[in-house]
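Novice: Please see the structure below; I have some questions.
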Amino acid sequence: MCDGPVRKFNFVYLLAYIFVPIAVCALCIGIAFGPFRGVGAGAAVLTVVPSLASIAWWVGGGRFLYSRAKKRAEAELKAQGVNANQIFYSRGWSVFVDVAGGQVGLVSFWNPFKIFLIPASRIQKTWVDDGVGGVAIFKGSNRVSFLLQVDNSNVRVDTFTSNQRFAPNSDHILTGISKADTWVEILQAAKQNAG
Amino acid sequence: MGFFRNIRSIFHDDWCSRCKSQMEVVRKQLYALPDQRVGHYKAHDDAAYYQKTLVPIEKKAQVPTGMYACGMHVYRCPQCGHQAVKLTVFLPVRDEEKVEQALYFEDGEMDAFL
Ligand SMILES: [Zn+2]
C-alpha cells in the first residue's frame with residue numbers, strides 16, 4: 001500500500017516490459033548462431049522458444065499482472081479496514097472507493113506493483129470527458145471517461161472505448177456517460193466525507 | 001412472450017388489440033427503478049417484478065444518476081373498454097434517454113398496481 005504521489009507509470013516496468021523479451025531473444029539468437037552453430041535442433045529451439053514466449057508475454061503478461069494486482073488490492077484494502085464498496089475496473093485503472101470512509105484506492109495497468117490508497121480529500125478535481133468531436137453527421141466519440149486530478153496528475157478511467165466511432169446519443173456513448181457521471185458523484189461524495 | 005410484447009409495442013402501441021380502434025391514454029406516471037443501475041441492467045418481463053419495484057416520482061430529475069426509470073402509460077379503448085398498460089424502461093442520461101425495454105400488459109397483469 002502506497003499513499004502516493006499517484007503515478008500511472010512505473011518506467012522501469014514499462015521499459016522492462018518492452019525490452020527484456022527483446023534482450024532475451026537477442027541473447028538466445030546470439031547463442032544459437034555462436035556456440036550452437038551447426039547444432040540444428042538446439043539453434044532452432046533457441047530461436048523459436050524465446051520468440052514465442054516474448055509474444056505471449058506482450059499479449060498477456062501485462063493483463064495477467066494487472067488482474068493479480070486488482071485482486072491483491074481488494075484483499076489488502078479489506079485488511080486495512082477500507083470498505084471499498086464502489087469498485088470500477090477499466091483497462092488502464094482500477095478504482096476502489098470507500099464513500100463513507102472518504103478513501104480511494106487506485107491501481108494502474110502500467111504500475112501494477114503499487115496499490116495507492118489516498119484520502120479522497122486529495123482529489124483536486126473530477127470531471128467527465130465524453131470524447132465527442134467532429135461536426136454534424138461526423139459528430140461522435142469512441143471513448144468516454146471520468147477523470148480525477150490527484151497530486152497534480154490526471155487519472156483517466158475509461159467507461160467506454162471502441163475502435164469504432166458512435167453518435168453522441170447512441171446507447172454505447174449514453175451508457176458510458178451515465179457511468180462516468182455516476183462515478184464523478186461517487187468520488188465527490190467520498191471527498192465530502194473525507195472532510 | 002416478452003419478446004412479442006416488445007415487437008408489438010414498436011408498432012401501434014395505442015391500438016386496441018380487440019377492436020383495432022385507437023385507444024386513449026387515461027393515465028401517465030413516471031417511476032424510478034432503484035434496483036437497476038447502469039452497467040448492471042437485468043431485463044424483466046413479469047408484472048410482479050414491476051409492481052414490487054417501481055417507486056413513483058414526479059419528474060425525471062428526481063432519478064439519481066445511473067439509476068433506471070420507467071414510464072407507465074395506461075390505455076383505454078373508447079369503443080370496447082379494453083385496458084392496456086405499457087411500461088418503458090429507460091436510463092436517463094443528462095437530457096437523453098436510453099430505452100432498454102418496452103413492455104405491454106394487456107390482460108390486467110398490472111391492474112392490482114393501478
Ligand atoms: Zn377496443
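By convention in this document, the chains of the C-alpha cells carry letters A, B, ... by their order, each chain's residues are numbered from 1, and ligands are numbered from 1 in the order they are shown.
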Give me the residues within 10 Å of Val82 of chain A as a PyMOL selection string, counting only C-alpha atoms and dropping any in the same chain fewer than 5 places off.
Specialist: chain A and resi 74-77+96-105+117
Novice: Could you write out, as a ChimeraX atom specification, all the residues of segment 12-95 of chain B that DSSP marks as alpha helix (DSSP H)?
Specialist: /B:47-53
Novice: Name all residues at most 7 Å from Pro50 of chain A (count only C-alpha atoms; drop same-chain ones fewer than 3 positions away) and give them as a list in words.
Specialist: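 Skipping anything fewer than 3 positions along the chain leaves Val24, Cys25, Leu46, Thr47, Ala53 and Ser54 of chain A.
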Novice: Show me which residues line ligand 1, defined as having an atom within 10 Å of a ligand atom where only C-alpha atoms and all ligand atoms count, and present them as a list in words.
Specialist: Trp15, Cys16, Ser17, Arg18, Cys19, Lys20, Ser21, Gln22, Met23, Arg76, Cys77, Pro78, Gln79, Cys80, Gly81, His82 and Gln83 of chain B
Novice: What's the 8 Å shell around Phe160 of chain A, counting only C-alpha atoms, without same-chain residues fewer than 6 positions away, as a count of residues only?
Specialist: 7
Novice: Kindly indicate which residue among B:Ala112, B:Leu54, B:Val26, B:Leu103 lies nearest to Tyr75 of chain B, using only C-alpha atoms for the distances.
Specialist: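 Selected residue with least distance to Tyr75 of chain B: B:Val26.
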Novice: Show me, as a PDB file with N, CA and C atoms, in the first residue's frame, the residues that have an atom within 12 Å of segment 63-71 of chain A when counting only C-alpha atoms, minus same-chain residues fewer than 6 positions from it.
Specialist:
```pdb
ATOM      1  N   MET A   1       0.842  -1.203   0.000  1.00  0.00           N
ATOM      2  CA  MET A   1       0.000   0.000   0.000  1.00  0.00           C
ATOM      3  C   MET A   1       0.876   1.251   0.000  1.00  0.00           C
ATOM      4  N   TYR A  13       9.291  -0.770 -15.064  1.00  0.00           N
ATOM      5  CA  TYR A  13       8.420  -1.862 -15.514  1.00  0.00           C
ATOM      6  C   TYR A  13       8.087  -1.708 -16.992  1.00  0.00           C
ATOM      7  N   TYR A  17       9.158  -4.305 -19.641  1.00  0.00           N
ATOM      8  CA  TYR A  17       8.069  -4.986 -20.336  1.00  0.00           C
ATOM      9  C   TYR A  17       8.367  -5.099 -21.824  1.00  0.00           C
ATOM     10  N   ALA A  56       3.877 -14.166 -26.275  1.00  0.00           N
ATOM     11  CA  ALA A  56       2.892 -14.497 -25.238  1.00  0.00           C
ATOM     12  C   ALA A  56       2.936 -13.446 -24.121  1.00  0.00           C
ATOM     13  N   TRP A  57       4.142 -13.045 -23.750  1.00  0.00           N
ATOM     14  CA  TRP A  57       4.300 -12.056 -22.683  1.00  0.00           C
ATOM     15  C   TRP A  57       3.700 -10.714 -23.095  1.00  0.00           C
ATOM     16  N   LEU A  77      -6.939  -3.835   0.779  1.00  0.00           N
ATOM     17  CA  LEU A  77      -7.799  -2.754   1.259  1.00  0.00           C
ATOM     18  C   LEU A  77      -8.714  -3.272   2.364  1.00  0.00           C
ATOM     19  N   LYS A  78      -9.219  -4.477   2.153  1.00  0.00           N
ATOM     20  CA  LYS A  78     -10.089  -5.080   3.154  1.00  0.00           C
ATOM     21  C   LYS A  78      -9.330  -5.257   4.470  1.00  0.00           C
ATOM     22  N   ILE A  87     -16.495  -0.154  -6.763  1.00  0.00           N
ATOM     23  CA  ILE A  87     -15.283  -0.547  -7.499  1.00  0.00           C
ATOM     24  C   ILE A  87     -15.529  -0.404  -8.991  1.00  0.00           C
ATOM     25  N   PHE A  88     -14.571   0.176  -9.698  1.00  0.00           N
ATOM     26  CA  PHE A  88     -14.677   0.245 -11.158  1.00  0.00           C
ATOM     27  C   PHE A  88     -13.372  -0.238 -11.772  1.00  0.00           C
ATOM     28  N   TYR A  89     -13.483  -1.265 -12.622  1.00  0.00           N
ATOM     29  CA  TYR A  89     -12.318  -1.780 -13.327  1.00  0.00           C
ATOM     30  C   TYR A  89     -12.331  -1.260 -14.755  1.00  0.00           C
ATOM     31  N   SER A  90     -11.264  -0.592 -15.159  1.00  0.00           N
ATOM     32  CA  SER A  90     -11.125  -0.275 -16.584  1.00  0.00           C
ATOM     33  C   SER A  90      -9.779  -0.821 -17.032  1.00  0.00           C
ATOM     34  N   ARG A  91      -9.489  -0.701 -18.313  1.00  0.00           N
ATOM     35  CA  ARG A  91      -8.258  -1.292 -18.819  1.00  0.00           C
ATOM     36  C   ARG A  91      -7.018  -0.621 -18.249  1.00  0.00           C
ATOM     37  N   GLY A  92      -7.116   0.698 -18.029  1.00  0.00           N
ATOM     38  CA  GLY A  92      -5.945   1.428 -17.570  1.00  0.00           C
ATOM     39  C   GLY A  92      -5.838   1.555 -16.060  1.00  0.00           C
ATOM     40  N   TRP A  93      -6.998   1.727 -15.427  1.00  0.00           N
ATOM     41  CA  TRP A  93      -7.012   1.950 -13.981  1.00  0.00           C
ATOM     42  C   TRP A  93      -8.132   1.154 -13.337  1.00  0.00           C
ATOM     43  N   SER A  94      -7.915   0.770 -12.089  1.00  0.00           N
ATOM     44  CA  SER A  94      -8.996   0.244 -11.262  1.00  0.00           C
ATOM     45  C   SER A  94      -9.160   1.189 -10.088  1.00  0.00           C
ATOM     46  N   VAL A  95     -10.413   1.512  -9.793  1.00  0.00           N
ATOM     47  CA  VAL A  95     -10.704   2.486  -8.748  1.00  0.00           C
ATOM     48  C   VAL A  95     -11.534   1.819  -7.659  1.00  0.00           C
ATOM     49  N   PHE A  96     -11.116   1.981  -6.425  1.00  0.00           N
ATOM     50  CA  PHE A  96     -11.825   1.404  -5.275  1.00  0.00           C
ATOM     51  C   PHE A  96     -12.181   2.556  -4.340  1.00  0.00           C
ATOM     52  N   GLY A 105      -8.778   3.940  -3.426  1.00  0.00           N
ATOM     53  CA  GLY A 105      -7.686   3.063  -3.818  1.00  0.00           C
ATOM     54  C   GLY A 105      -7.541   3.084  -5.328  1.00  0.00           C
ATOM     55  N   LEU A 106      -6.308   3.071  -5.817  1.00  0.00           N
ATOM     56  CA  LEU A 106      -6.070   3.135  -7.262  1.00  0.00           C
ATOM     57  C   LEU A 106      -4.988   2.135  -7.663  1.00  0.00           C
ATOM     58  N   VAL A 107      -5.236   1.425  -8.762  1.00  0.00           N
ATOM     59  CA  VAL A 107      -4.218   0.538  -9.327  1.00  0.00           C
ATOM     60  C   VAL A 107      -4.124   0.842 -10.812  1.00  0.00           C
ATOM     61  N   SER A 108      -2.898   1.045 -11.295  1.00  0.00           N
ATOM     62  CA  SER A 108      -2.701   1.339 -12.710  1.00  0.00           C
ATOM     63  C   SER A 108      -2.134   0.121 -13.438  1.00  0.00           C
ATOM     64  N   PHE A 109      -2.603  -0.069 -14.669  1.00  0.00           N
ATOM     65  CA  PHE A 109      -2.114  -1.173 -15.505  1.00  0.00           C
ATOM     66  C   PHE A 109      -0.594  -1.132 -15.636  1.00  0.00           C
ATOM     67  N   TRP A 110      -0.054   0.071 -15.831  1.00  0.00           N
ATOM     68  CA  TRP A 110       1.386   0.207 -16.055  1.00  0.00           C
ATOM     69  C   TRP A 110       2.179   0.432 -14.777  1.00  0.00           C
ATOM     70  N   ASN A 111       1.521   0.238 -13.644  1.00  0.00           N
ATOM     71  CA  ASN A 111       2.208   0.365 -12.358  1.00  0.00           C
ATOM     72  C   ASN A 111       1.640  -0.673 -11.397  1.00  0.00           C
ATOM     73  N   PRO A 112       1.691  -1.944 -11.802  1.00  0.00           N
ATOM     74  CA  PRO A 112       0.890  -2.961 -11.096  1.00  0.00           C
ATOM     75  C   PRO A 112       1.477  -3.430  -9.765  1.00  0.00           C
ATOM     76  N   PHE A 113       2.651  -2.918  -9.399  1.00  0.00           N
ATOM     77  CA  PHE A 113       3.219  -3.368  -8.128  1.00  0.00           C
ATOM     78  C   PHE A 113       2.876  -2.406  -6.999  1.00  0.00           C
ATOM     79  N   LYS A 114       2.174  -1.337  -7.344  1.00  0.00           N
ATOM     80  CA  LYS A 114       1.806  -0.353  -6.321  1.00  0.00           C
ATOM     81  C   LYS A 114       0.296  -0.270  -6.198  1.00  0.00           C
ATOM     82  N   ILE A 115      -0.183  -0.340  -4.977  1.00  0.00           N
ATOM     83  CA  ILE A 115      -1.589  -0.090  -4.710  1.00  0.00           C
ATOM     84  C   ILE A 115      -1.654   1.239  -3.958  1.00  0.00           C
ATOM     85  N   PHE A 116      -2.233   2.230  -4.629  1.00  0.00           N
ATOM     86  CA  PHE A 116      -2.323   3.546  -3.997  1.00  0.00           C
ATOM     87  C   PHE A 116      -3.569   3.609  -3.124  1.00  0.00           C
TER      88      PHE A 116
END
```
Novice: Using DSSP on the backbone coordinates, identify all residues within segment 2-114 of chain B classified as strand (DSSP E or B); present the result as a short mmCIF file (atom, residue, chain, number, x, y, z; two decimals) with C-alpha atoms, in the first residue's frame.
Specialist:
```cif
data_model
loop_
_atom_site.label_atom_id
_atom_site.label_comp_id
_atom_site.auth_asym_id
_atom_site.auth_seq_id
_atom_site.Cartn_x
_atom_site.Cartn_y
_atom_site.Cartn_z
CA TRP B 15 -54.26 0.34 -30.96
CA GLN B 22 -57.27 3.85 -31.33
CA GLU B 24 -56.77 6.84 -25.26
CA VAL B 25 -54.12 7.45 -22.66
CA VAL B 26 -56.02 7.63 -19.39
CA ARG B 27 -53.06 7.83 -17.09
CA LYS B 28 -49.33 8.53 -17.19
CA GLN B 29 -46.89 8.03 -14.38
CA LEU B 30 -43.14 8.15 -14.00
CA TYR B 31 -41.28 5.76 -11.72
CA ALA B 32 -37.77 5.14 -10.51
CA LEU B 33 -36.36 1.59 -10.61
CA PRO B 34 -33.98 1.69 -7.65
CA ASP B 35 -32.59 -1.81 -8.09
CA GLN B 36 -31.49 -1.26 -11.70
CA ARG B 37 -28.22 0.58 -12.21
CA VAL B 55 -41.26 3.88 -6.95
CA PRO B 56 -43.48 6.73 -8.15
CA ILE B 57 -41.80 10.07 -8.79
CA MET B 67 -30.45 4.70 -11.89
CA TYR B 68 -33.07 3.42 -14.29
CA ALA B 69 -36.53 4.93 -14.65
CA CYS B 70 -39.78 3.63 -16.04
CA GLY B 71 -42.65 5.43 -17.74
CA MET B 72 -46.13 3.97 -17.50
CA HIS B 73 -48.96 4.65 -19.92
CA VAL B 74 -52.42 3.30 -19.18
CA TYR B 75 -54.53 2.99 -22.32
CA ARG B 76 -58.25 2.51 -22.57
CA GLN B 83 -57.45 -1.59 -20.98
CA ALA B 84 -53.71 -1.99 -21.53
CA VAL B 85 -50.59 -0.88 -19.69
CA LYS B 86 -47.32 0.00 -21.37
CA LEU B 87 -44.06 0.25 -19.45
CA THR B 88 -40.98 1.83 -20.96
CA VAL B 89 -37.78 1.17 -19.04
CA PHE B 90 -35.02 3.65 -19.74
CA LEU B 91 -31.82 5.10 -18.40
CA PRO B 92 -31.97 8.87 -18.08
CA VAL B 93 -28.62 10.34 -19.16
CA GLU B 96 -31.26 11.96 -23.25
CA GLU B 97 -32.92 8.64 -22.59
CA LYS B 98 -31.50 5.24 -23.37
CA VAL B 99 -34.52 2.98 -23.80
CA GLU B 100 -33.87 -0.53 -22.56
CA GLN B 101 -37.23 -2.32 -22.73
CA ALA B 102 -40.80 -1.61 -23.67
CA LEU B 103 -43.45 -3.94 -22.25
CA TYR B 104 -47.10 -4.25 -22.97
CA PHE B 105 -49.54 -5.76 -20.48
#
```
Novice: Residues of chain A within 7 Å of chain B: nearest atom pair and distance (Å, one decimal) for each, counting only C-alpha atoms, sorted by chain and number, as JSON lines?
Specialist:
```
{"residue": "A:Asp171", "atom": "CA", "partner": "B:Lys98", "partner_atom": "CA", "distance": 6.0}
{"residue": "A:Leu174", "atom": "CA", "partner": "B:Val93", "partner_atom": "CA", "distance": 6.3}
{"residue": "A:Thr175", "atom": "CA", "partner": "B:Val38", "partner_atom": "CA", "distance": 6.8}
{"residue": "A:Ser178", "atom": "CA", "partner": "B:Gly66", "partner_atom": "CA", "distance": 5.5}
{"residue": "A:Lys179", "atom": "CA", "partner": "B:Val38", "partner_atom": "CA", "distance": 6.3}
{"residue": "A:Asp181", "atom": "CA", "partner": "B:Thr65", "partner_atom": "CA", "distance": 6.7}
{"residue": "A:Thr182", "atom": "CA", "partner": "B:Thr65", "partner_atom": "CA", "distance": 5.5}
```
Novice: Work out how far atom CA of Ile118 of chain A is from atom CA of Pro5 of chain A, in Å to one decimal.
Specialist: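 Here the two named atoms are 9.0 Å from each other.
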Novice: With only C-alpha atoms as the atoms that count, which of A:Ile29, A:Ala167, A:Ile55, A:Val48 lies nearest to Val135 of chain A?
Specialist: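 Going through A:Ile29, A:Ala167, A:Ile55, A:Val48 one by one, the smallest distance to Val135 of chain A is for A:Ala167.
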